[in-house]
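Below: query_36.csv (CSV, C-alpha atoms)
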```csv
chain,number,residue,atom,x,y,z
B,111,MET,CA,1.5,124.1,3.5
B,112,VAL,CA,4.2,121.4,3.5
B,113,LEU,CA,6.8,124.1,4.2
B,114,VAL,CA,4.8,125.4,7.1
B,115,VAL,CA,4.5,121.9,8.6
B,116,VAL,CA,8.2,121.4,8.2
B,117,LEU,CA,8.9,124.7,9.9
B,118,MET,CA,6.7,123.7,12.8
B,119,VAL,CA,8.4,120.4,13.3
B,120,VAL,CA,11.8,122.1,13.2
B,121,ALA,CA,10.7,124.7,15.7
B,122,GLY,CA,9.3,122.0,18.0
B,123,VAL,CA,12.6,120.0,17.9
B,124,ILE,CA,14.7,123.1,18.6
B,125,ASN,CA,12.5,124.0,21.5
B,126,HIS,CA,12.7,120.4,22.9
B,127,ARG,CA,16.5,120.3,22.6
B,128,LYS,CA,16.8,123.7,24.4
B,129,ARG,CA,14.7,122.5,27.2
B,130,GLN,CA,16.6,119.2,27.5
B,131,ALA,CA,19.8,121.2,27.6
B,132,ALA,CA,18.5,123.5,30.3
B,133,MET,CA,17.4,120.5,32.4
B,134,GLN,CA,20.9,119.0,32.1
B,135,GLN,CA,22.6,122.2,33.0
B,136,SER,CA,21.8,121.4,36.6
B,137,GLN,CA,24.3,118.5,36.5
B,138,VAL,CA,27.1,120.3,34.8
B,139,GLU,CA,29.0,122.2,37.4
B,140,LEU,CA,30.8,119.8,39.7
B,141,LEU,CA,31.5,120.9,43.3
B,142,LYS,CA,33.3,119.3,46.2
B,143,THR,CA,30.9,117.7,48.6
B,144,LYS,CA,30.9,116.7,52.2
B,145,ASN,CA,31.4,113.1,51.1
B,146,GLY,CA,33.8,113.8,48.3
B,147,SER,CA,31.3,112.5,45.9
B,148,ASP,CA,30.1,114.3,42.8
B,149,ALA,CA,27.7,117.1,43.4
B,150,ALA,CA,26.0,119.6,41.1
B,151,SER,CA,25.3,123.3,41.2
B,152,SER,CA,21.8,123.5,40.0
B,153,THR,CA,20.8,126.4,37.9
B,154,LEU,CA,17.4,127.9,38.1
B,155,ALA,CA,15.7,127.5,34.8
B,156,SER,CA,12.0,128.0,35.1
B,157,LEU,CA,9.5,126.0,33.0
B,158,GLY,CA,8.4,129.4,31.8
B,159,ALA,CA,4.9,130.2,30.7
B,160,PRO,CA,1.8,128.1,31.4
B,161,ALA,CA,0.0,126.1,28.9
B,162,PRO,CA,-2.6,128.0,26.8
B,163,ASP,CA,-5.6,126.6,28.6
B,164,ALA,CA,-4.0,127.5,32.0
B,165,ASP,CA,-2.8,130.9,31.0
B,166,LEU,CA,-4.3,133.7,33.2
B,167,ARG,CA,-2.1,136.5,31.7
B,168,GLY,CA,-4.2,139.4,30.6
B,169,LYS,CA,-7.2,138.2,32.6
B,170,THR,CA,-8.5,139.4,35.9
B,171,ALA,CA,-6.9,137.5,38.8
B,172,PRO,CA,-9.5,135.1,40.2
B,173,ALA,CA,-11.0,136.2,43.5
B,174,PHE,CA,-10.3,134.2,46.6
B,175,THR,CA,-10.7,134.3,50.3
B,176,LEU,CA,-8.3,132.1,52.3
B,177,VAL,CA,-7.2,131.9,55.9
B,178,ASP,CA,-3.8,133.0,57.1
B,179,LEU,CA,-1.7,131.3,59.7
B,180,ALA,CA,-3.4,133.3,62.5
B,181,GLY,CA,-6.8,132.1,61.3
B,182,LYS,CA,-7.7,135.5,59.8
B,183,LYS,CA,-9.6,135.6,56.5
B,184,VAL,CA,-7.7,137.3,53.7
B,185,SER,CA,-9.2,138.1,50.4
B,186,LEU,CA,-7.5,139.2,47.2
B,187,ALA,CA,-10.2,142.0,47.2
B,188,ASP,CA,-8.6,143.4,50.4
B,189,PHE,CA,-5.7,144.6,48.2
B,190,LYS,CA,-7.7,146.3,45.5
B,191,GLY,CA,-5.7,149.0,43.8
B,192,LYS,CA,-2.4,147.5,44.9
B,193,PRO,CA,0.1,145.4,43.0
B,194,VAL,CA,0.0,141.9,44.3
B,195,VAL,CA,2.3,138.9,43.9
B,196,ILE,CA,0.6,135.6,44.6
B,197,ASP,CA,3.2,132.9,45.2
B,198,PHE,CA,2.2,129.2,45.5
B,199,TRP,CA,4.8,127.3,47.4
B,200,ALA,CA,5.2,124.3,49.7
B,201,THR,CA,7.6,123.4,52.6
B,202,TYR,CA,9.1,120.5,50.5
B,203,CYS,CA,10.0,122.8,47.6
B,204,ALA,CA,13.6,124.0,47.7
B,205,PRO,CA,13.3,126.5,44.8
B,206,CYS,CA,10.2,128.0,46.5
B,207,LYS,CA,12.1,128.6,49.7
B,208,LEU,CA,15.0,130.1,47.8
B,209,GLU,CA,12.7,132.7,46.3
B,210,MET,CA,10.7,133.6,49.3
B,211,PRO,CA,13.4,135.7,51.1
B,212,TRP,CA,13.6,137.7,47.9
B,213,PHE,CA,9.9,138.3,47.9
B,214,GLU,CA,10.3,139.5,51.5
B,215,GLU,CA,13.0,141.9,50.4
B,216,PHE,CA,10.8,143.2,47.6
B,217,THR,CA,7.9,143.9,50.0
B,218,ALA,CA,10.2,146.3,51.8
B,219,LYS,CA,11.9,147.7,48.7
B,220,TYR,CA,8.6,148.5,46.9
B,221,LYS,CA,6.6,149.4,50.0
B,222,ASP,CA,6.0,152.9,48.8
B,223,LYS,CA,4.4,151.3,45.6
B,224,GLY,CA,2.1,149.4,47.8
B,225,LEU,CA,3.4,146.0,46.8
B,226,VAL,CA,1.7,143.1,48.5
B,227,VAL,CA,3.1,139.5,48.5
B,228,LEU,CA,0.8,136.6,49.4
B,229,GLY,CA,2.3,133.1,49.9
B,230,VAL,CA,-0.3,130.4,49.3
B,231,ASP,CA,0.8,127.1,50.8
B,232,GLN,CA,0.3,123.9,48.8
B,233,ASP,CA,1.4,121.3,51.3
B,234,ASP,CA,-0.9,118.4,51.7
B,235,VAL,CA,1.1,116.3,54.2
B,236,VAL,CA,1.9,118.8,56.9
B,237,GLY,CA,-0.4,121.1,58.9
B,238,LYS,CA,-0.6,124.7,59.6
B,239,ASP,CA,1.9,124.6,62.5
B,240,ALA,CA,4.6,123.1,60.3
B,241,VAL,CA,3.9,125.6,57.6
B,242,ALA,CA,4.2,128.4,60.2
B,243,ALA,CA,7.4,127.1,61.5
B,244,ALA,CA,8.8,126.8,58.0
B,245,ALA,CA,7.8,130.4,57.1
B,246,LYS,CA,9.5,131.6,60.3
B,247,ARG,CA,12.6,129.7,59.5
B,248,ILE,CA,12.6,131.0,55.9
B,249,GLY,CA,12.3,134.5,57.3
B,250,VAL,CA,9.1,135.8,55.6
B,251,THR,CA,6.6,138.1,57.4
B,252,TYR,CA,4.2,138.6,54.5
B,253,PRO,CA,0.9,136.7,54.8
B,254,ILE,CA,1.0,133.0,54.3
B,255,LEU,CA,-2.4,131.6,53.4
B,256,MET,CA,-3.6,128.1,53.8
B,257,PRO,CA,-5.3,126.6,50.7
B,258,ASP,CA,-8.9,125.7,50.3
B,259,LYS,CA,-10.2,123.0,48.0
B,260,THR,CA,-10.7,125.3,45.0
B,261,ILE,CA,-7.7,127.6,44.8
B,262,SER,CA,-5.5,125.2,42.8
B,263,SER,CA,-8.2,124.7,40.2
B,264,THR,CA,-9.2,128.4,40.2
B,265,TYR,CA,-5.6,129.4,39.4
B,266,LYS,CA,-5.2,126.4,37.1
B,267,LEU,CA,-2.1,125.2,38.8
B,268,GLY,CA,0.0,122.4,37.3
B,269,ASP,CA,1.7,119.6,39.1
B,270,TYR,CA,4.7,121.6,40.1
B,271,LEU,CA,5.9,124.5,42.4
B,272,PRO,CA,6.6,127.3,42.6
B,273,GLN,CA,4.0,129.1,40.5
B,274,THR,CA,3.8,132.8,40.8
B,275,PHE,CA,1.3,135.3,39.6
B,276,PHE,CA,2.0,139.0,39.2
B,277,VAL,CA,-1.2,141.1,39.5
B,278,ASP,CA,-1.2,144.8,38.7
B,279,LYS,CA,-3.2,147.6,40.5
B,280,ASN,CA,-6.2,146.9,38.2
B,281,GLY,CA,-6.4,143.3,39.2
B,282,THR,CA,-5.0,141.9,36.0
B,283,VAL,CA,-2.5,139.1,35.8
B,284,VAL,CA,0.5,140.6,34.1
B,285,GLU,CA,2.8,137.7,34.4
B,286,GLU,CA,2.4,134.0,35.4
B,287,VAL,CA,5.6,132.0,35.9
B,288,ILE,CA,6.1,128.3,36.6
B,289,GLY,CA,9.3,127.3,38.4
B,290,GLY,CA,12.0,129.2,40.3
B,291,ARG,CA,14.0,131.9,38.7
B,292,PRO,CA,16.9,134.2,39.4
B,293,LYS,CA,16.3,137.1,41.6
B,294,ASP,CA,16.7,139.8,38.9
B,295,GLU,CA,14.1,138.1,36.7
B,296,ILE,CA,11.6,138.0,39.5
B,297,GLU,CA,12.3,141.7,40.3
B,298,ALA,CA,11.8,142.6,36.7
B,299,ASP,CA,8.3,141.2,36.9
B,300,VAL,CA,7.7,142.9,40.3
B,301,LYS,CA,8.6,146.2,38.5
B,302,LYS,CA,6.0,145.5,35.8
B,303,ILE,CA,3.2,145.6,38.4
B,304,ALA,CA,4.7,148.1,40.9
B,305,GLU,CA,5.9,150.9,38.7
S,327,MET,CA,7.7,109.2,22.7
S,328,ARG,CA,5.2,111.5,24.3
S,329,GLN,CA,7.3,114.5,23.5
S,330,ARG,CA,7.7,113.4,20.0
S,331,LEU,CA,3.9,113.0,19.8
S,332,GLY,CA,3.7,116.5,21.3
S,333,ILE,CA,5.9,117.9,18.6
S,334,VAL,CA,4.0,116.2,15.8
S,335,PHE,CA,0.7,117.2,17.3
S,336,GLY,CA,1.9,120.7,17.6
S,337,ALA,CA,3.0,120.8,14.0
S,338,VAL,CA,-0.3,119.4,12.7
S,339,VAL,CA,-2.4,121.8,14.7
S,340,LEU,CA,-0.3,124.8,13.9
S,341,ALA,CA,-0.2,124.1,10.2
S,342,ALA,CA,-3.5,125.9,10.0
S,343,MET,CA,-2.2,129.0,11.8
S,344,PRO,CA,-0.2,131.9,10.4
S,345,ILE,CA,3.5,131.4,10.5
S,346,ALA,CA,4.1,134.4,12.8
S,347,GLY,CA,4.3,133.3,16.4
S,348,SER,CA,4.5,129.7,15.4
S,349,VAL,CA,7.5,128.9,17.6
S,350,THR,CA,5.8,130.3,20.7
S,351,ARG,CA,2.7,128.2,20.0
S,352,ALA,CA,4.7,125.1,19.5
S,353,GLN,CA,6.4,125.7,22.9
S,354,ASP,CA,3.0,126.2,24.5
S,355,ILE,CA,1.6,123.0,23.1
S,356,GLN,CA,4.6,121.1,24.3
S,357,MET,CA,4.2,122.6,27.7
S,358,GLN,CA,0.6,121.5,27.7
S,359,ASP,CA,1.6,118.0,26.8
S,360,ALA,CA,4.2,117.9,29.6
S,361,ALA,CA,1.8,119.4,32.1
S,362,ALA,CA,-0.8,116.7,31.3
S,363,VAL,CA,1.6,113.9,32.3
S,364,LYS,CA,2.0,113.2,36.0
S,365,LYS,CA,5.2,111.3,35.8
S,366,GLN,CA,6.6,109.3,38.6
S,367,HIS,CA,10.2,110.3,37.9
S,368,LEU,CA,11.4,107.1,39.7
S,369,VAL,CA,11.5,103.5,38.7
S,370,MET,CA,12.7,100.3,40.5
S,371,LEU,CA,14.9,98.5,38.1
S,372,THR,CA,15.2,95.3,40.2
S,373,ASP,CA,12.2,93.1,39.7
S,374,GLY,CA,13.5,89.9,41.3
S,375,VAL,CA,16.2,88.4,43.4
S,376,ASP,CA,17.6,84.9,44.0
S,377,VAL,CA,18.5,84.0,47.6
S,378,LYS,CA,19.3,81.0,49.8
S,379,ALA,CA,16.2,79.8,51.7
S,380,GLY,CA,16.0,80.4,55.4
S,381,ILE,CA,19.3,82.4,55.7
S,382,GLU,CA,19.5,86.1,56.3
S,383,GLN,CA,21.2,87.8,53.5
S,384,THR,CA,21.5,91.1,51.8
S,385,VAL,CA,20.1,92.0,48.4
S,386,GLU,CA,20.6,95.1,46.4
S,387,LEU,CA,17.6,96.9,44.9
S,388,ARG,CA,18.4,99.2,42.0
S,389,PHE,CA,16.4,102.4,41.3
S,390,ARG,CA,16.7,105.1,38.7
S,391,VAL,CA,15.6,108.7,38.8
S,392,ASP,CA,14.7,110.2,35.5
S,393,PRO,CA,17.4,112.3,33.8
S,394,GLY,CA,17.2,116.0,34.8
S,395,TYR,CA,15.4,115.2,38.1
S,396,HIS,CA,16.5,114.4,41.6
S,397,ILE,CA,14.8,113.1,44.7
S,398,ASN,CA,15.8,113.7,48.3
S,399,SER,CA,18.1,111.1,49.8
S,400,HIS,CA,17.0,109.1,52.8
S,401,LYS,CA,18.7,111.8,54.9
S,402,PRO,CA,18.0,115.2,53.4
S,403,MET,CA,19.8,118.1,55.1
S,404,ASP,CA,16.5,119.9,55.8
S,405,ASP,CA,13.9,118.2,58.0
S,406,LEU,CA,11.2,119.9,55.9
S,407,LEU,CA,12.2,117.9,52.9
S,408,ILE,CA,10.7,114.5,52.4
S,409,PRO,CA,13.2,111.6,52.7
S,410,THR,CA,13.1,108.7,50.2
S,411,THR,CA,11.8,105.7,52.2
S,412,LEU,CA,11.3,102.1,51.0
S,413,LYS,CA,8.8,99.9,52.9
S,414,PHE,CA,7.7,96.4,52.2
S,415,VAL,CA,4.4,94.9,53.4
S,416,PRO,CA,5.2,92.3,56.1
S,417,GLY,CA,4.7,88.8,54.6
S,418,MET,CA,6.4,85.5,54.1
S,419,VAL,CA,9.7,87.2,53.5
S,420,LYS,CA,11.0,88.8,56.6
S,421,VAL,CA,12.8,92.1,56.1
S,422,GLY,CA,15.7,93.0,58.4
S,423,GLY,CA,17.4,96.3,58.0
S,424,THR,CA,17.4,98.6,55.0
S,425,GLU,CA,20.5,100.5,54.1
S,426,TYR,CA,20.2,103.6,51.9
S,427,PRO,CA,23.1,105.0,50.0
S,428,GLN,CA,24.6,108.4,50.7
S,429,GLY,CA,23.2,111.1,48.4
S,430,SER,CA,25.2,113.6,46.5
S,431,VAL,CA,25.0,117.3,47.4
S,432,ILE,CA,23.6,119.8,44.9
S,433,LYS,CA,23.2,123.6,45.4
S,434,LEU,CA,20.6,125.8,43.8
S,435,THR,CA,22.2,128.8,42.3
S,436,GLY,CA,21.9,131.7,44.8
S,437,SER,CA,21.5,129.3,47.7
S,438,GLY,CA,24.1,128.7,50.4
S,439,GLU,CA,22.4,125.5,51.5
S,440,GLY,CA,22.9,122.2,49.8
S,441,LEU,CA,20.4,119.5,49.0
S,442,ASP,CA,21.3,115.9,49.6
S,443,VAL,CA,19.8,114.0,46.7
S,444,TYR,CA,19.7,110.9,44.6
S,445,GLN,CA,20.2,111.4,40.9
S,446,GLY,CA,20.4,108.7,38.1
S,447,GLU,CA,20.8,105.2,39.5
S,448,PHE,CA,21.1,104.3,43.2
S,449,LYS,CA,21.0,101.1,45.2
S,450,VAL,CA,19.2,100.3,48.4
S,451,ARG,CA,20.5,97.3,50.3
S,452,MET,CA,18.1,95.2,52.3
S,453,THR,CA,18.5,92.1,54.5
S,454,LEU,CA,15.9,89.5,54.3
S,455,VAL,CA,15.0,85.9,55.1
S,456,ALA,CA,12.9,84.1,52.6
S,457,PRO,CA,11.2,80.6,52.9
S,458,ARG,CA,12.0,78.1,50.2
S,459,GLY,CA,10.1,78.7,47.0
S,460,PHE,CA,8.8,81.7,45.2
S,461,SER,CA,7.4,84.8,47.0
S,462,THR,CA,6.3,88.2,45.9
S,463,MET,CA,7.0,91.1,48.1
S,464,THR,CA,4.9,94.3,47.7
S,465,GLY,CA,5.8,97.7,49.0
S,466,THR,CA,6.1,101.4,48.4
S,467,VAL,CA,8.7,104.0,47.9
S,468,ARG,CA,7.8,107.4,49.3
S,469,TYR,CA,9.8,110.2,47.7
S,470,GLN,CA,9.6,113.7,46.4
S,471,ALA,CA,11.1,114.8,43.1
S,472,CYS,CA,12.3,118.1,41.7
S,473,ASP,CA,14.2,119.4,38.7
S,474,SER,CA,16.5,122.4,38.7
S,475,ALA,CA,13.7,124.9,39.0
S,476,SER,CA,10.5,123.3,40.3
S,477,CYS,CA,9.3,120.6,42.6
S,478,PHE,CA,6.6,118.0,42.3
S,479,PRO,CA,4.3,116.8,45.1
S,480,PRO,CA,5.4,113.9,47.2
S,481,ARG,CA,4.6,110.6,45.5
S,482,THR,CA,4.3,107.0,46.4
S,483,LEU,CA,5.7,104.4,44.0
S,484,ALA,CA,4.3,100.9,44.3
S,485,VAL,CA,6.9,98.2,43.9
S,486,LYS,CA,7.0,94.5,43.6
S,487,LEU,CA,9.9,92.1,44.2
S,488,ALA,CA,9.9,88.5,43.2
S,489,VAL,CA,12.0,86.4,45.6
S,490,THR,CA,13.2,83.0,44.6
S,491,ALA,CA,14.7,81.1,47.5
S,492,LYS,CA,16.4,77.7,47.0
```

As structure tokens, how would this structure be written, given the file I've shared?
Amino acid sequence: MVLVVVLMVVAGVINHRKRQAAMQQSQVELLKTKNGSDAASSTLASLGAPAPDADLRGKTAPAFTLVDLAGKKVSLADFKGKPVVIDFWATYCAPCKLEMPWFEEFTAKYKDKGLVVLGVDQDDVVGKDAVAAAAKRIGVTYPILMPDKTISSTYKLGDYLPQTFFVDKNGTVVEEVIGGRPKDEIEADVKKIAE
Amino acid sequence: MRQRLGIVFGAVVLAAMPIAGSVTRAQDIQMQDAAAVKKQHLVMLTDGVDVKAGIEQTVELRFRVDPGYHINSHKPMDDLLIPTTLKFVPGMVKVGGTEYPQGSVIKLTGSGEGLDVYQGEFKVRMTLVAPRGFSTMTGTVRYQACDSASCFPPRTLAVKLAVTAK
């Protein structure tokens, strides 16, 4: 029993150090800046999987009906039988905006697989017009949905964005990811639900 | 300290579980601990300044962003991003101008656009005129923090500054 406890502690410490190292990675690569001051190339290193009590993987994606930027009601049930990516984002979130053009690209690339991407806005300080302007500037044409009062708790969102759910044709959450990631990692999860 | 507690807590709970998969569980519990904490990611290090009474002068206020995080500078490159803004409630001490430092530029991998941010310590200069004696200024810092992969909602940090004017 003592050995098990020791192993647990060691595992925890190793994990903690790895995460700290990943966090500090963003400050390693120095670049020339407009001011000549130090700048960093920030590496996407997602927070990874959700906490156990917030983990929807393997469960049916919670149903929702939200309103898109045109005021039209959009339900998850509308896409029954199709693979769906549900991406929670906000206009202030740079990693979110980095990923969104990739999702746009994947909707075209996996169109024959029926892939649907839904962007669910999480802004609370800007209105629909600003969100629409941001979506246009980012260059996405997939549905952007405005949140209601329950969607955050329904999907057990944490205090950070982006959060992305990959839902297969049967409506099951196959992957749930916190934080931005490289394009190839995102596409790997798209393939899990689209192929 | 919280993370240490998280590790110890994870170890105690997991001691009753089979060893297979124990590392994953430890990570999950740590993540739960981190998720439960809504950190500010920013602190004002200056809690008081000494000035000459009745004369306009400049003071420096020091702030620190938690390691591994950044906040937008006062002039982010993208108008969708939330600038760091310091405001004091009008009172006995009259605030003149506020001068923010230039940020440093970071780029997310895969992105051509930079982000103008504050990392680590930075100083905001503020001109003020204070009456003789001791005054307490109260105010707020509006900011929005991110780490290398995720962003946190905009936050407001309440600040207090003790001003001693002689």

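Look at segment 380-394 of chain S: the protein and nucleic acid residues within 7 Å of it, using all atoms listed in the file and passing over chain neighbours fewer than 2 places away, are Met133 and Gln134 of chain B; His367, Leu368, Val369, Met370, Leu371, Thr372, Lys378, His396, Gln445, Gly446, Glu447, Phe448, Lys449, Val450, Arg451, Met452, Thr453, Leu454, Val455, Ala456, Pro457, Arg458 and Asp473 of chain S.
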
Gly191 of chain B: which residues within 12 Å, counting only C-alpha atoms, same-chain residues fewer than 5 positions away excluded, as a list in words?
Leu186, Lys223, Gly224, Leu225, Val226, Val277, Asp278, Lys279, Asn280, Gly281, Thr282, Ile303 and Ala304 of chain B

Which residue is closest to Asp404 of chain S? Choose from B:Lys207, B:Tyr270, B:Asp258, B:Glu215 and count all atoms listed in the file.
B:Lys207

Nearest-residue call for Ala244 of chain B, choices B:Lys169, B:Ile296, B:Thr201, B:Ala164, using all atoms listed in the file:
B:Thr201

One decimal, in Å: what's the spacing between atom CA of Val443 of chain S and atom CA of Leu255 of chain B?
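That distance, rounded to one decimal, is 29.1 Å.
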
Shortest interatomic distance to chain B - which of S:Lys420, S:Arg481, S:Lys492, S:His400, counting all atoms listed in the file:
S:Arg481

Which neighbours of Lys266 of chain B fall inside 10 Å, counting all atoms listed in the file, when residues of the same chain fewer than 6 positions from it are skipped, and could you give them as a PyMOL selection string?
chain B and resi 160-161+163-166+260

Just how far from atom CA of Thr464 of chain S is atom CA of Leu412 of chain S, in Å to one decimal?
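Atom CA of Thr464 of chain S lies at a distance of 10.6 Å from atom CA of Leu412 of chain S.
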
By how many Å are atom CA of Asp222 of chain B and atom CA of Lys302 of chain B apart?
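According to the coordinates, atom CA of Asp222 of chain B and atom CA of Lys302 of chain B are separated by 15.0 Å.
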
Mind checking which residues fall within 9 Å of Lys293 of chain B, counting all atoms listed in the file, ignoring those fewer than 5 positions away in the same chain, and posting them as JSON, numbers by chain?
{"B": [209, 212, 298], "S": [436]}

Using the file's own x, y and z axes, what box holds all listed atoms of segment 371-374 of chain S with 6 Å on each side, keeping edges along x, y and z, and what are its centre and edge lengths in Å to one decimal, as lines of an AutoDock Vina configuration file?
```
center_x = 13.7
center_y = 94.2
center_z = 39.7
size_x = 15.0
size_y = 20.6
size_z = 15.2
```

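You can rank B:Ala242, B:Cys203, B:Val250, B:Leu267 by their closest distance to chain S using only C-alpha atoms, and at the top of that list sits B:Cys203.
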
Counting all atoms listed in the file, which residue out of B:Leu208, B:Val300, B:Ile196, B:Ala171 sits closest to chain S?
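Closest candidate: B:Leu208.
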
Fewer than 6 positions away in the same chain doesn't count, so skip those; otherwise give me all residues within 8 Å of Thr175 of chain B, counting only C-alpha atoms, as a PyMOL selection string.
chain B and resi 183-186

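With all atoms listed in the file as the atoms that count, the residue of B:Ala173, B:Ala243, B:Leu179, B:Val195 with the shortest distance to Val287 of chain B is B:Val195.
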
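For the point (20.9, 112.7, 44.9), the residues with an atom at a distance of at most 8 Å are His396, Ile397, Asn398, Ser399, Gly429, Ser430, Val431, Ile432, Leu441, Asp442, Val443, Tyr444, Gln445 and Gly446 of chain S, counting all atoms listed in the file.
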